[in-house]
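Q: My structure file work-v3.pdb, PDB, C-alpha atoms, is below:
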ATOM      1  CA  MET M  27      25.822  29.043 -41.231
ATOM      2  CA  MET M  28      26.533  25.474 -40.030
ATOM      3  CA  LYS M  29      27.500  24.960 -36.406
ATOM      4  CA  SER M  30      30.716  23.071 -35.769
ATOM      5  CA  PRO M  31      30.423  19.435 -34.625
ATOM      6  CA  ASN M  32      31.903  20.400 -31.252
ATOM      7  CA  LYS M  33      29.289  23.111 -30.728
ATOM      8  CA  ILE M  34      26.501  20.694 -31.666
ATOM      9  CA  LYS M  35      27.847  18.108 -29.196
ATOM     10  CA  SER M  36      28.128  20.795 -26.538
ATOM     11  CA  TYR M  37      24.544  21.893 -27.203
ATOM     12  CA  TYR M  38      23.119  18.373 -26.836
ATOM     13  CA  TYR M  39      25.289  17.686 -23.809
ATOM     14  CA  SER M  40      23.891  20.821 -22.169
ATOM     15  CA  LEU M  41      20.329  19.694 -22.929
ATOM     16  CA  PHE M  42      21.101  16.279 -21.468
ATOM     17  CA  MET M  43      22.554  17.778 -18.269
ATOM     18  CA  ILE M  44      19.592  20.118 -17.854
ATOM     19  CA  SER M  45      17.177  17.190 -18.275
ATOM     20  CA  LEU M  46      19.177  15.105 -15.828
ATOM     21  CA  MET M  47      19.209  17.857 -13.231
ATOM     22  CA  LEU M  48      15.467  18.359 -13.625
ATOM     23  CA  CYS M  49      14.866  14.635 -13.090
ATOM     24  CA  LEU M  50      17.166  14.521 -10.078
ATOM     25  CA  GLY M  51      15.577  17.665  -8.726
ATOM     26  CA  ALA M  52      12.115  16.124  -8.947
ATOM     27  CA  ARG M  53      13.313  12.986  -7.184
ATOM     28  CA  SER M  54      15.169  14.871  -4.486
ATOM     29  CA  GLN M  55      12.160  16.972  -3.521
ATOM     30  CA  LEU M  56      11.136  14.170  -1.156
ATOM     31  CA  THR M  57      13.537  14.044   1.762
ATOM     32  CA  THR M  58      13.532  12.383   5.166
ATOM     33  CA  ASP M  59      14.139  15.716   6.926
ATOM     34  CA  PHE M  60      11.602  17.788   4.980
ATOM     35  CA  TYR M  61       9.867  19.043   8.146
ATOM     36  CA  SER M  62      12.908  19.200  10.447
ATOM     37  CA  GLN M  63      12.672  22.996  10.653
ATOM     38  CA  THR M  64       8.981  23.635  10.000
ATOM     39  CA  CYS M  65       7.485  20.845  12.135
ATOM     40  CA  PRO M  66      10.157  19.153  14.279
ATOM     41  CA  SER M  67       7.569  17.372  16.445
ATOM     42  CA  LEU M  68       5.832  15.728  13.474
ATOM     43  CA  LEU M  69       7.133  12.173  13.788
ATOM     44  CA  SER M  70       6.553  11.920  17.545
ATOM     45  CA  THR M  71       3.064  13.423  17.175
ATOM     46  CA  VAL M  72       2.054  10.902  14.499
ATOM     47  CA  ARG M  73       3.583   7.983  16.425
ATOM     48  CA  LYS M  74       1.637   8.914  19.565
ATOM     49  CA  GLN M  75      -1.664   9.050  17.682
ATOM     50  CA  VAL M  76      -1.082   5.783  15.801
ATOM     51  CA  GLN M  77      -0.046   4.082  19.021
ATOM     52  CA  SER M  78      -3.264   5.221  20.689
ATOM     53  CA  ALA M  79      -5.389   4.035  17.756
ATOM     54  CA  ILE M  80      -3.763   0.601  17.655
ATOM     55  CA  LYS M  81      -4.085   0.254  21.432
ATOM     56  CA  THR M  82      -7.817   0.855  21.007
ATOM     57  CA  GLU M  83      -8.093  -1.560  18.051
ATOM     58  CA  MET M  84      -5.178  -3.690  16.924
ATOM     59  CA  ARG M  85      -6.718  -4.136  13.480
ATOM     60  CA  MET M  86      -6.210  -0.418  12.821
ATOM     61  CA  ALA M  87      -2.539  -1.030  11.986
ATOM     62  CA  ALA M  88      -3.506  -2.998   8.885
ATOM     63  CA  SER M  89      -6.206  -0.473   7.994
ATOM     64  CA  LEU M  90      -3.751   2.452   8.017
ATOM     65  CA  LEU M  91      -1.190   0.495   5.989
ATOM     66  CA  ARG M  92      -3.889  -0.345   3.438
ATOM     67  CA  LEU M  93      -5.010   3.295   3.189
ATOM     68  CA  HIS M  94      -1.519   4.346   2.101
ATOM     69  CA  PHE M  95      -1.417   1.528  -0.464
ATOM     70  CA  HIS M  96      -4.844   2.406  -1.875
ATOM     71  CA  ASP M  97      -3.869   6.064  -2.013
ATOM     72  CA  CYS M  98      -0.611   5.594  -3.893
ATOM     73  CA  PHE M  99      -2.015   3.292  -6.584
ATOM     74  CA  VAL M 100      -4.537   5.937  -7.716
ATOM     75  CA  ASN M 101      -3.008   9.152  -9.095
ATOM     76  CA  GLY M 102       0.035   8.683  -6.887
ATOM     77  CA  CYS M 103       0.499   9.311  -3.158
ATOM     78  CA  ASP M 104      -1.615  12.468  -2.899
ATOM     79  CA  ALA M 105      -4.162  11.648  -0.151
ATOM     80  CA  SER M 106      -6.945  11.559  -2.746
ATOM     81  CA  VAL M 107      -8.361   8.469  -1.026
ATOM     82  CA  LEU M 108      -9.221  10.648   1.984
ATOM     83  CA  LEU M 109     -11.465  13.097   0.109
ATOM     84  CA  ASP M 110     -15.177  13.021   0.860
ATOM     85  CA  GLY M 111     -17.678  13.524  -1.936
ATOM     86  CA  ASP M 112     -20.285  11.792  -4.054
ATOM     87  CA  ASN M 113     -20.103   8.232  -5.336
ATOM     88  CA  SER M 114     -17.570   9.209  -7.998
ATOM     89  CA  THR M 115     -14.800   9.509  -5.385
ATOM     90  CA  GLU M 116     -12.272   6.845  -4.424
ATOM     91  CA  LYS M 117     -14.072   6.109  -1.162
ATOM     92  CA  PHE M 118     -16.876   4.611  -3.255
ATOM     93  CA  ALA M 119     -14.632   2.478  -5.458
ATOM     94  CA  LEU M 120     -15.282  -1.265  -5.187
ATOM     95  CA  ALA M 121     -12.046  -1.888  -3.279
ATOM     96  CA  ASN M 122     -12.830   0.863  -0.744
ATOM     97  CA  VAL M 123     -16.564   1.165  -0.161
ATOM     98  CA  ASN M 124     -17.538  -0.376   3.192
ATOM     99  CA  SER M 125     -13.934  -1.553   3.375
ATOM    100  CA  ALA M 126     -11.337   1.222   3.552
ATOM    101  CA  ARG M 127     -11.176   2.530   7.106
ATOM    102  CA  GLY M 128      -9.064   4.545   9.504
ATOM    103  CA  PHE M 129     -10.232   7.935   8.220
ATOM    104  CA  GLU M 130     -11.071   9.092  11.757
ATOM    105  CA  VAL M 131      -7.560   8.185  12.889
ATOM    106  CA  ILE M 132      -6.063  10.276  10.084
ATOM    107  CA  ASP M 133      -8.379  13.115  11.150
ATOM    108  CA  ALA M 134      -7.078  12.848  14.706
ATOM    109  CA  ILE M 135      -3.457  12.823  13.551
ATOM    110  CA  LYS M 136      -4.047  15.836  11.294
ATOM    111  CA  SER M 137      -5.696  17.727  14.153
ATOM    112  CA  ALA M 138      -2.797  16.983  16.507
ATOM    113  CA  VAL M 139      -0.237  18.002  13.875
ATOM    114  CA  GLU M 140      -2.133  21.195  13.027
ATOM    115  CA  SER M 141      -2.074  22.174  16.709
ATOM    116  CA  SER M 142       1.693  22.464  16.637
ATOM    117  CA  CYS M 143       2.419  23.106  12.930
ATOM    118  CA  SER M 144      -0.569  24.739  11.289
ATOM    119  CA  GLY M 145      -0.773  24.560   7.500
ATOM    120  CA  VAL M 146       2.580  22.842   7.071
ATOM    121  CA  VAL M 147       2.181  19.058   6.833
ATOM    122  CA  SER M 148       0.267  17.339   4.033
ATOM    123  CA  CYS M 149      -2.280  14.603   4.563
ATOM    124  CA  ALA M 150      -0.340  12.510   2.026
ATOM    125  CA  ASP M 151       2.746  12.608   4.254
ATOM    126  CA  ILE M 152       0.657  11.805   7.318
ATOM    127  CA  LEU M 153      -0.600   8.676   5.522
ATOM    128  CA  ALA M 154       2.963   7.618   4.690
ATOM    129  CA  ILE M 155       4.210   8.095   8.263
ATOM    130  CA  ALA M 156       1.148   6.394   9.768
ATOM    131  CA  ALA M 157       1.686   3.378   7.499
ATOM    132  CA  ARG M 158       5.307   3.062   8.631
ATOM    133  CA  ASP M 159       4.361   3.432  12.295
ATOM    134  CA  SER M 160       1.619   0.813  11.929
ATOM    135  CA  VAL M 161       4.181  -1.696  10.665
ATOM    136  CA  VAL M 162       6.678  -0.879  13.412
ATOM    137  CA  LEU M 163       4.084  -1.030  16.193
ATOM    138  CA  SER M 164       2.988  -4.456  14.902
ATOM    139  CA  GLY M 165       6.520  -5.833  15.269
ATOM    140  CA  GLY M 166       7.733  -5.135  11.735
ATOM    141  CA  PRO M 167      10.714  -3.232  10.345
ATOM    142  CA  THR M 168      11.255   0.509  10.447
ATOM    143  CA  TRP M 169      12.531   2.906   7.804
ATOM    144  CA  ARG M 170      13.016   6.621   7.310
ATOM    145  CA  VAL M 171       9.993   7.933   5.443
ATOM    146  CA  LEU M 172      10.646  10.277   2.540
ATOM    147  CA  LEU M 173       8.512  13.409   2.968
ATOM    148  CA  GLY M 174       7.488  16.495   1.044
ATOM    149  CA  ARG M 175       4.363  15.272  -0.756
ATOM    150  CA  ARG M 176       1.498  17.656  -1.281
ATOM    151  CA  ASP M 177      -2.211  16.876  -1.379
ATOM    152  CA  GLY M 178      -4.192  16.311  -4.563
ATOM    153  CA  LEU M 179      -7.318  18.186  -5.557
ATOM    154  CA  VAL M 180      -9.266  15.351  -7.202
ATOM    155  CA  SER M 181     -10.505  11.928  -6.107
ATOM    156  CA  ASN M 182     -11.171   9.536  -8.992
ATOM    157  CA  GLY M 183     -13.310   6.513  -8.212
ATOM    158  CA  THR M 184     -13.289   5.280 -11.806
ATOM    159  CA  LEU M 185      -9.496   5.188 -11.821
ATOM    160  CA  ALA M 186      -9.497   3.460  -8.437
ATOM    161  CA  ASN M 187     -11.716   0.708  -9.831
ATOM    162  CA  ALA M 188      -9.274   0.204 -12.687
ATOM    163  CA  ALA M 189      -5.995   0.593 -10.788
ATOM    164  CA  LEU M 190      -6.447  -1.197  -7.463
ATOM    165  CA  PRO M 191      -5.678  -4.936  -7.421
ATOM    166  CA  SER M 192      -8.576  -7.240  -6.601
ATOM    167  CA  PRO M 193      -8.468 -10.457  -4.523
ATOM    168  CA  PHE M 194     -10.306 -12.179  -7.392
ATOM    169  CA  GLU M 195      -7.820 -11.333 -10.150
ATOM    170  CA  ALA M 196      -5.252 -13.583 -11.758
ATOM    171  CA  LEU M 197      -1.565 -13.095 -11.032
ATOM    172  CA  ASP M 198      -0.768 -11.577 -14.422
ATOM    173  CA  ALA M 199      -3.520  -8.958 -14.009
ATOM    174  CA  ILE M 200      -2.338  -8.044 -10.517
ATOM    175  CA  THR M 201       1.271  -7.852 -11.665
ATOM    176  CA  GLN M 202       0.310  -5.541 -14.527
ATOM    177  CA  LYS M 203      -1.309  -3.124 -12.085
ATOM    178  CA  PHE M 204       1.963  -2.962 -10.156
ATOM    179  CA  VAL M 205       3.949  -2.473 -13.360
ATOM    180  CA  ASP M 206       1.575   0.332 -14.373
ATOM    181  CA  VAL M 207       2.728   2.374 -11.356
ATOM    182  CA  GLY M 208       6.415   1.561 -11.724
ATOM    183  CA  LEU M 209       6.636  -1.454  -9.422
ATOM    184  CA  ASN M 210       7.812  -5.006 -10.195
ATOM    185  CA  ILE M 211       7.391  -8.671  -9.266
ATOM    186  CA  THR M 212       9.431  -8.347  -6.071
ATOM    187  CA  ASP M 213       7.132  -5.504  -5.002
ATOM    188  CA  VAL M 214       4.059  -7.651  -5.743
ATOM    189  CA  VAL M 215       5.251 -10.353  -3.364
ATOM    190  CA  SER M 216       6.793  -8.204  -0.638
ATOM    191  CA  LEU M 217       3.854  -5.787  -0.437
ATOM    192  CA  SER M 218       1.401  -8.712  -0.427
ATOM    193  CA  GLY M 219       3.248  -9.634   2.751
ATOM    194  CA  GLY M 220       1.433  -6.714   4.348
ATOM    195  CA  HIS M 221      -1.385  -9.242   4.725
ATOM    196  CA  THR M 222       0.556 -10.641   7.661
ATOM    197  CA  ILE M 223      -1.696  -8.342   9.702
ATOM    198  CA  GLY M 224      -5.387  -7.525   9.407
ATOM    199  CA  LEU M 225      -8.719  -9.112   8.658
ATOM    200  CA  ALA M 226     -10.802  -9.857   5.579
ATOM    201  CA  LYS M 227     -14.539 -10.263   4.998
ATOM    202  CA  CYS M 228     -16.047 -13.556   3.868
ATOM    203  CA  ALA M 229     -17.098 -11.735   0.695
ATOM    204  CA  THR M 230     -13.448 -11.413  -0.347
ATOM    205  CA  PHE M 231     -12.708 -15.145  -0.293
ATOM    206  CA  ASP M 232     -15.955 -17.158  -0.101
ATOM    207  CA  ASN M 233     -15.764 -17.688  -3.876
ATOM    208  CA  ARG M 234     -13.034 -20.246  -3.036
ATOM    209  CA  LEU M 235     -15.104 -22.262  -0.552
ATOM    210  CA  PHE M 236     -17.854 -24.063  -2.483
ATOM    211  CA  ASN M 237     -18.022 -23.418  -6.209
ATOM    212  CA  PHE M 238     -14.647 -22.095  -7.267
ATOM    213  CA  SER M 239     -14.624 -20.653 -10.807
ATOM    214  CA  GLY M 240     -17.780 -22.578 -11.684
ATOM    215  CA  THR M 241     -16.199 -25.982 -10.957
ATOM    216  CA  GLY M 242     -18.835 -26.975  -8.406
ATOM    217  CA  ALA M 243     -16.010 -27.717  -5.974
ATOM    218  CA  PRO M 244     -13.842 -25.672  -3.572
ATOM    219  CA  ASP M 245     -10.468 -24.220  -4.550
ATOM    220  CA  SER M 246      -8.192 -27.267  -4.530
ATOM    221  CA  THR M 247      -5.208 -25.188  -3.388
ATOM    222  CA  MET M 248      -6.777 -24.470   0.023
ATOM    223  CA  GLU M 249      -5.660 -26.699   2.917
ATOM    224  CA  ALA M 250      -8.423 -29.099   4.040
ATOM    225  CA  THR M 251      -8.762 -28.129   7.724
ATOM    226  CA  MET M 252      -8.765 -24.430   6.910
ATOM    227  CA  LEU M 253     -11.332 -25.044   4.165
ATOM    228  CA  ALA M 254     -13.675 -26.847   6.576
ATOM    229  CA  ASP M 255     -13.314 -24.088   9.166
ATOM    230  CA  LEU M 256     -14.072 -21.379   6.645
ATOM    231  CA  GLN M 257     -17.008 -23.252   5.113
ATOM    232  CA  SER M 258     -18.527 -23.320   8.600
ATOM    233  CA  PHE M 259     -17.618 -19.672   9.279
ATOM    234  CA  CYS M 260     -18.828 -18.390   5.877
ATOM    235  CA  PRO M 261     -21.686 -20.702   4.833
ATOM    236  CA  VAL M 262     -23.610 -20.340   1.592
ATOM    237  CA  ASN M 263     -26.136 -17.499   2.038
ATOM    238  CA  GLY M 264     -24.438 -16.580   5.326
ATOM    239  CA  ASP M 265     -23.244 -13.166   6.515
ATOM    240  CA  SER M 266     -20.637 -12.136   3.950
ATOM    241  CA  ASN M 267     -19.479  -9.280   6.217
ATOM    242  CA  ARG M 268     -17.981 -11.522   8.902
ATOM    243  CA  PHE M 269     -14.237 -11.095   9.382
ATOM    244  CA  THR M 270     -11.398 -13.550   9.806
ATOM    245  CA  ALA M 271      -7.618 -13.225   9.957
ATOM    246  CA  LEU M 272      -5.629 -12.788   6.753
ATOM    247  CA  ASP M 273      -2.651 -14.503   8.391
ATOM    248  CA  ARG M 274      -4.055 -17.596  10.093
ATOM    249  CA  ASN M 275      -2.454 -18.250  13.513
ATOM    250  CA  SER M 276      -0.464 -14.996  13.442
ATOM    251  CA  THR M 277      -3.140 -12.337  13.197
ATOM    252  CA  ASP M 278      -1.586  -9.177  14.629
ATOM    253  CA  LEU M 279       2.170  -9.724  14.406
ATOM    254  CA  PHE M 280       4.034  -8.343  11.410
ATOM    255  CA  ASP M 281       6.261 -11.287  10.479
ATOM    256  CA  ASN M 282       6.928 -13.744   7.646
ATOM    257  CA  HIS M 283       4.289 -16.225   8.834
ATOM    258  CA  TYR M 284       2.025 -15.162   5.962
ATOM    259  CA  PHE M 285       4.485 -16.755   3.521
ATOM    260  CA  LYS M 286       4.753 -19.937   5.590
ATOM    261  CA  ASN M 287       0.979 -20.193   5.286
ATOM    262  CA  LEU M 288       1.143 -19.938   1.503
ATOM    263  CA  LEU M 289       3.505 -22.921   1.384
ATOM    264  CA  ASN M 290       0.875 -24.908   3.289
ATOM    265  CA  GLY M 291      -2.169 -23.861   1.257
ATOM    266  CA  LYS M 292      -3.355 -21.482   3.973
ATOM    267  CA  GLY M 293      -3.483 -18.205   2.077
ATOM    268  CA  LEU M 294      -6.890 -16.636   2.709
ATOM    269  CA  LEU M 295      -7.461 -14.568  -0.419
ATOM    270  CA  GLY M 296      -7.191 -16.038  -3.873
ATOM    271  CA  SER M 297      -4.703 -13.266  -4.673
ATOM    272  CA  ASP M 298      -2.546 -14.465  -1.783
ATOM    273  CA  GLN M 299      -2.424 -18.172  -2.592
ATOM    274  CA  ILE M 300      -1.778 -17.677  -6.319
ATOM    275  CA  LEU M 301       1.613 -16.185  -5.412
ATOM    276  CA  TYR M 302       2.661 -19.755  -4.638
ATOM    277  CA  SER M 303       0.164 -22.155  -6.203
ATOM    278  CA  SER M 304      -0.713 -20.757  -9.635
ATOM    279  CA  ASP M 305       0.936 -21.963 -12.822
ATOM    280  CA  LEU M 306       2.353 -18.496 -13.481
ATOM    281  CA  ALA M 307       3.900 -18.377  -9.995
ATOM    282  CA  VAL M 308       6.385 -21.092 -10.946
ATOM    283  CA  SER M 309       8.298 -18.683 -13.160
ATOM    284  CA  THR M 310       7.550 -15.440 -11.296
ATOM    285  CA  THR M 311       6.650 -15.314  -7.598
ATOM    286  CA  LYS M 312       6.984 -18.795  -6.095
ATOM    287  CA  ASN M 313      10.727 -18.574  -5.404
ATOM    288  CA  LEU M 314      10.289 -15.294  -3.573
ATOM    289  CA  VAL M 315       7.494 -16.733  -1.422
ATOM    290  CA  GLU M 316       9.771 -19.630  -0.480
ATOM    291  CA  SER M 317      12.670 -17.284   0.263
ATOM    292  CA  TYR M 318      10.588 -14.989   2.459
ATOM    293  CA  SER M 319       9.062 -17.943   4.312
ATOM    294  CA  SER M 320      12.496 -19.025   5.503
ATOM    295  CA  ASN M 321      14.210 -15.648   5.762
ATOM    296  CA  SER M 322      12.352 -12.921   7.635
ATOM    297  CA  ILE M 323      15.261 -10.488   7.296
ATOM    298  CA  LEU M 324      15.068 -10.747   3.502
ATOM    299  CA  PHE M 325      11.320 -10.170   3.619
ATOM    300  CA  PHE M 326      11.691  -7.158   5.917
ATOM    301  CA  ASN M 327      14.390  -5.632   3.726
ATOM    302  CA  ASP M 328      12.430  -6.113   0.519
ATOM    303  CA  PHE M 329       9.221  -4.876   2.155
ATOM    304  CA  VAL M 330      10.941  -1.674   3.280
ATOM    305  CA  ASN M 331      12.381  -1.079  -0.193
ATOM    306  CA  SER M 332       8.984  -1.683  -1.783
ATOM    307  CA  MET M 333       7.228   0.666   0.652
ATOM    308  CA  ILE M 334       9.718   3.412  -0.166
ATOM    309  CA  LYS M 335       9.213   2.798  -3.897
ATOM    310  CA  MET M 336       5.445   2.807  -3.504
ATOM    311  CA  GLY M 337       5.611   6.017  -1.487
ATOM    312  CA  ASN M 338       7.400   7.615  -4.433
ATOM    313  CA  ILE M 339       4.641   6.973  -6.966
ATOM    314  CA  SER M 340       3.927  10.322  -8.673
ATOM    315  CA  PRO M 341       4.064  12.599  -5.624
ATOM    316  CA  LEU M 342       2.913  16.185  -5.961
ATOM    317  CA  THR M 343       5.740  18.495  -4.893
ATOM    318  CA  GLY M 344       6.796  22.114  -5.060
ATOM    319  CA  THR M 345       3.782  24.252  -5.912
ATOM    320  CA  ASN M 346       1.632  21.404  -7.234
ATOM    321  CA  GLY M 347      -1.399  20.442  -5.190
ATOM    322  CA  GLU M 348      -1.883  21.979  -1.766
ATOM    323  CA  ILE M 349      -1.528  21.411   1.971
ATOM    324  CA  ARG M 350      -5.069  20.556   3.006
ATOM    325  CA  LYS M 351      -6.443  22.067   6.197
ATOM    326  CA  ASN M 352      -8.901  19.190   6.478
ATOM    327  CA  CYS M 353      -7.871  15.854   4.992
ATOM    328  CA  ARG M 354     -11.437  15.165   3.846
ATOM    329  CA  ASP M 355     -11.833  18.337   1.770
ATOM    330  CA  VAL M 356      -9.840  20.453  -0.635
ATOM    331  CA  ASN M 357      -9.146  23.963   0.593
ATOM    332  CA  SER M 358     -11.763  26.543  -0.327
TER
END
For this file, produce the structure as structure tokens.

A:
Amino acid sequence: MMKSPNKIKSYYYSLFMISLMLCLGARSQLTTDFYSQTCPSLLSTVRKQVQSAIKTEMRMAASLLRLHFHDCFVNGCDASVLLDGDNSTEKFALANVNSARGFEVIDAIKSAVESSCSGVVSCADILAIAARDSVVLSGGPTWRVLLGRRDGLVSNGTLANAALPSPFEALDAITQKFVDVGLNITDVVSLSGGHTIGLAKCATFDNRLFNFSGTGAPDSTMEATMLADLQSFCPVNGDSNRFTALDRNSTDLFDNHYFKNLLNGKGLLGSDQILYSSDLAVSTTKNLVESYSSNSILFFNDFVNSMIKMGNISPLTGTNGEIRKNCRDVNS
């Protein structure tokens, strides 16, 4: 017997509403007050620990921000970057090995949180809060962090190698990696602005100093005085593990100075300077760099929005994943 057109419409409308509610339900599982009843001291506990870590070493602010970024780009924001293991884990990926740091700080935060709220707060949420606090304590903007993530059970170094942007990649390749996780061009530029704090090894930019892309000459987009300084600091066959500031002349302050540097050819990493100087930038990122360089409020607003978007990449919620007892190991 044929169903009436009205019944068919009603049936499909019901399916649509159920699907919509499921989608909204999944999105709404992250909330800013997720731990208000179960761990009301969480935010103050994390802030105190991050403050102590940054007081000990200012560079730690950038390291904690980077950990959250490197976590979210690989299987979503599930604290998989924190898991110890063999060389197949994310800690051994090219972008992380002998580079990602701050794990001891996360351990200390987790320990402090567990003392007051045992078995309640995920390591993934601790990473998200610590990243926000690192920005704030460096002079940057604040925002209310969405919470309710759970911790993943697997760390995938192969995926990390494929998913994490590299300082040596072209702009289109970097942009594609952002698009792959649901982000866009604005997010590429605003989140790159996180390089307004922190340090980088010679190994991440010395390809620009002497024989750039096999030309036999330095990268022509680098400002002359900066080039001479860096050639002296990172000589051929020198120590490639020496560090220098990502944001020249504004090392530890979270501001829009990073973008001012790009306008003057003073971006340290190739992946920084191409946001302004590459051919592709003309039609994609250059205007944003110029806007942020002259409008710190715009940069702060876009950075906050991009951090919230990034923090929402494929979170585990509900009964998925677990709440790790130790951020370095899955529960036994």

Q: For Cys98 (chain M), which residue among M:Leu172, M:Ile339, M:Ala307, M:Ala226 is the nearest when counting all atoms listed in the file?

A: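 Result for the nearest residue to Cys98 (chain M): M:Ile339.
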
Q: Applied to this file, what does the PyMOL selection byres ((chain M and resi 244) around 12) return in terms of residues, put as a PyMOL selection string?

A: chain M and resi 231-243+245-250+252-254+256-257+296

Q: Please produce an output containing C-alpha atoms for each residue in the selection, written as a JSON list (two decimals), in the coordinates of the input.

A:
[["chain", "number", "residue", "atom", "x", "y", "z"],
["M", 231, "PHE", "CA", -12.71, -15.14, -0.29],
["M", 232, "ASP", "CA", -15.96, -17.16, -0.10],
["M", 233, "ASN", "CA", -15.76, -17.69, -3.88],
["M", 234, "ARG", "CA", -13.03, -20.25, -3.04],
["M", 235, "LEU", "CA", -15.10, -22.26, -0.55],
["M", 236, "PHE", "CA", -17.85, -24.06, -2.48],
["M", 237, "ASN", "CA", -18.02, -23.42, -6.21],
["M", 238, "PHE", "CA", -14.65, -22.10, -7.27],
["M", 239, "SER", "CA", -14.62, -20.65, -10.81],
["M", 240, "GLY", "CA", -17.78, -22.58, -11.68],
["M", 241, "THR", "CA", -16.20, -25.98, -10.96],
["M", 242, "GLY", "CA", -18.84, -26.98, -8.41],
["M", 243, "ALA", "CA", -16.01, -27.72, -5.97],
["M", 245, "ASP", "CA", -10.47, -24.22, -4.55],
["M", 246, "SER", "CA", -8.19, -27.27, -4.53],
["M", 247, "THR", "CA", -5.21, -25.19, -3.39],
["M", 248, "MET", "CA", -6.78, -24.47, 0.02],
["M", 249, "GLU", "CA", -5.66, -26.70, 2.92],
["M", 250, "ALA", "CA", -8.42, -29.10, 4.04],
["M", 252, "MET", "CA", -8.76, -24.43, 6.91],
["M", 253, "LEU", "CA", -11.33, -25.04, 4.16],
["M", 254, "ALA", "CA", -13.68, -26.85, 6.58],
["M", 256, "LEU", "CA", -14.07, -21.38, 6.64],
["M", 257, "GLN", "CA", -17.01, -23.25, 5.11],
["M", 296, "GLY", "CA", -7.19, -16.04, -3.87]]

Q: Ranking M:Lys81, M:Arg176, M:Arg73, M:Arg158 by minimum distance to Val356 (chain M) and counting all atoms listed in the file, which one comes first?

A: M:Arg176

Q: How close does region 163-253 of chain M get to region 111-126 of chain M? List, as a tab-separated table, each residue of region 163-253 of chain M within 10 Å, its nearest atom pair and the distance in Å to one decimal, counting all atoms listed in the file.

A:
residue	atom	partner	partner_atom	distance
M:Val180	CA	M:Thr115	CA	8.2
M:Ser181	CA	M:Thr115	CA	5.0
M:Asn182	CA	M:Thr115	CA	5.1
M:Gly183	CA	M:Glu116	CA	3.9
M:Thr184	CA	M:Ser114	CA	6.9
M:Leu185	CA	M:Glu116	CA	8.1
M:Ala186	CA	M:Glu116	CA	5.9
M:Asn187	CA	M:Ala119	CA	5.5
M:Ala188	CA	M:Ala119	CA	9.3
M:Ala189	CA	M:Ala121	CA	10.0
M:Leu190	CA	M:Ala121	CA	7.0
M:Pro191	CA	M:Ala121	CA	8.2
M:Ser192	CA	M:Ala121	CA	7.2
M:Pro193	CA	M:Ala121	CA	9.4
M:Ala226	CA	M:Ser125	CA	9.1
M:Lys227	CA	M:Ser125	CA	8.9

Q: So that I can check the surroundings of region 329-336 of chain M, please list as a list in words every protein, DNA and RNA residue that reaches within 8 Å of it, counting only C-alpha atoms and ignoring chain neighbours fewer than 6 positions away.

A: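 Residues near the query, excluding close chain neighbours: Phe95, Cys98, Pro167, Thr168, Trp169, Val171, Leu172, Leu209, Thr212, Asp213, Ser216, Leu217 and Gly219 of chain M.
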
Q: What does the distance from CA of Asn275 (chain M) to CA of Ile223 (chain M) come to in Å, to one decimal?

A: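 Value for the CA of Asn275 (chain M)-CA of Ile223 (chain M) distance: 10.6 Å.
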
Q: Compile the contact shell of Asn352 (chain M) as a count of residues only: residues with an atom at most 10 Å away, counting all atoms listed in the file, same-chain residues fewer than 4 positions apart removed.

A: 11

Q: As an exercise, work out the distance from CA of Tyr284 (chain M) to CA of Leu272 (chain M) in Å and give it to one decimal place.

A: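 Going from CA of Tyr284 (chain M) over to CA of Leu272 (chain M), I get 8.1 Å.
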
Q: Record the distance separating CA of Ser78 (chain M) and CA of Phe285 (chain M), expressed in Å with one decimal.

A: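 According to the coordinates, CA of Ser78 (chain M) and CA of Phe285 (chain M) are separated by 28.9 Å.
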
Q: From the list M:Arg175, M:Asp198, M:Leu279, M:Val162, which residue is nearest Asn346 (chain M) when using only C-alpha atoms?

A: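 Nearest candidate to Asn346 (chain M) out of M:Arg175, M:Asp198, M:Leu279, M:Val162: M:Arg175.
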
Q: Please tell me which residues are no farther than 10 Å from (-0.6, -11.6, 8.2) in the file, counting all atoms listed in the file, and write them as a list in words.

A: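 The distance filter leaves exactly Ala88, Ser218, Gly219, Gly220, His221, Thr222, Ile223, Gly224, Leu225, Ala271, Leu272, Asp273, Arg274, Asn275, Ser276, Thr277, Asp278, Leu279, Phe280, Asp281, Asn282, His283, Tyr284, Phe285, Asn287, Gly293 and Leu294 of chain M.
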
Q: Within 12 Å of Ile152 (chain M), counting all atoms listed in the file, which residues qualify if same-chain residues fewer than 5 places away don't, as JSON, numbers by chain?

A: {"M": [61, 68, 69, 70, 71, 72, 73, 75, 76, 90, 91, 93, 94, 97, 103, 104, 105, 108, 129, 131, 132, 133, 134, 135, 136, 137, 138, 139, 140, 146, 147, 157, 158, 159, 160, 171, 172, 173, 174, 175, 176, 177, 337, 349, 350, 353]}

Q: Pick the closest to Ala199 (chain M) from M:Leu153, M:Ile300, M:Arg127, M:Ser141: which is it, counting only C-alpha atoms?

A: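 For Ala199 (chain M), the nearest of the candidates is M:Ile300.
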
Q: Have a look at M:Met86, M:Val161, M:Leu197, M:Ile211 and name the one nearest to Asp298 (chain M); count all atoms listed in the file.

A: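 Nearest candidate to Asp298 (chain M) out of M:Met86, M:Val161, M:Leu197, M:Ile211: M:Leu197.
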
Q: Identify which of the residues M:Ser309, M:Asn267, M:Thr345, M:Ser322 lies closest to Lys286 (chain M), counting all atoms listed in the file when measuring atom-to-atom distances.

A: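 The shortest atom-to-atom distance to Lys286 (chain M) comes from M:Ser322.
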
Q: Padding 3 Å on each side, edges along x, y and z: where is the centre of the box around the listed atoms of region 311-329 of chain M, and how long are its edges in Å to one decimal? Output it as JSON.

A:
{"center_x": 11.0, "center_y": -12.3, "center_z": 0.0, "size_x": 14.6, "size_y": 20.8, "size_z": 21.2}
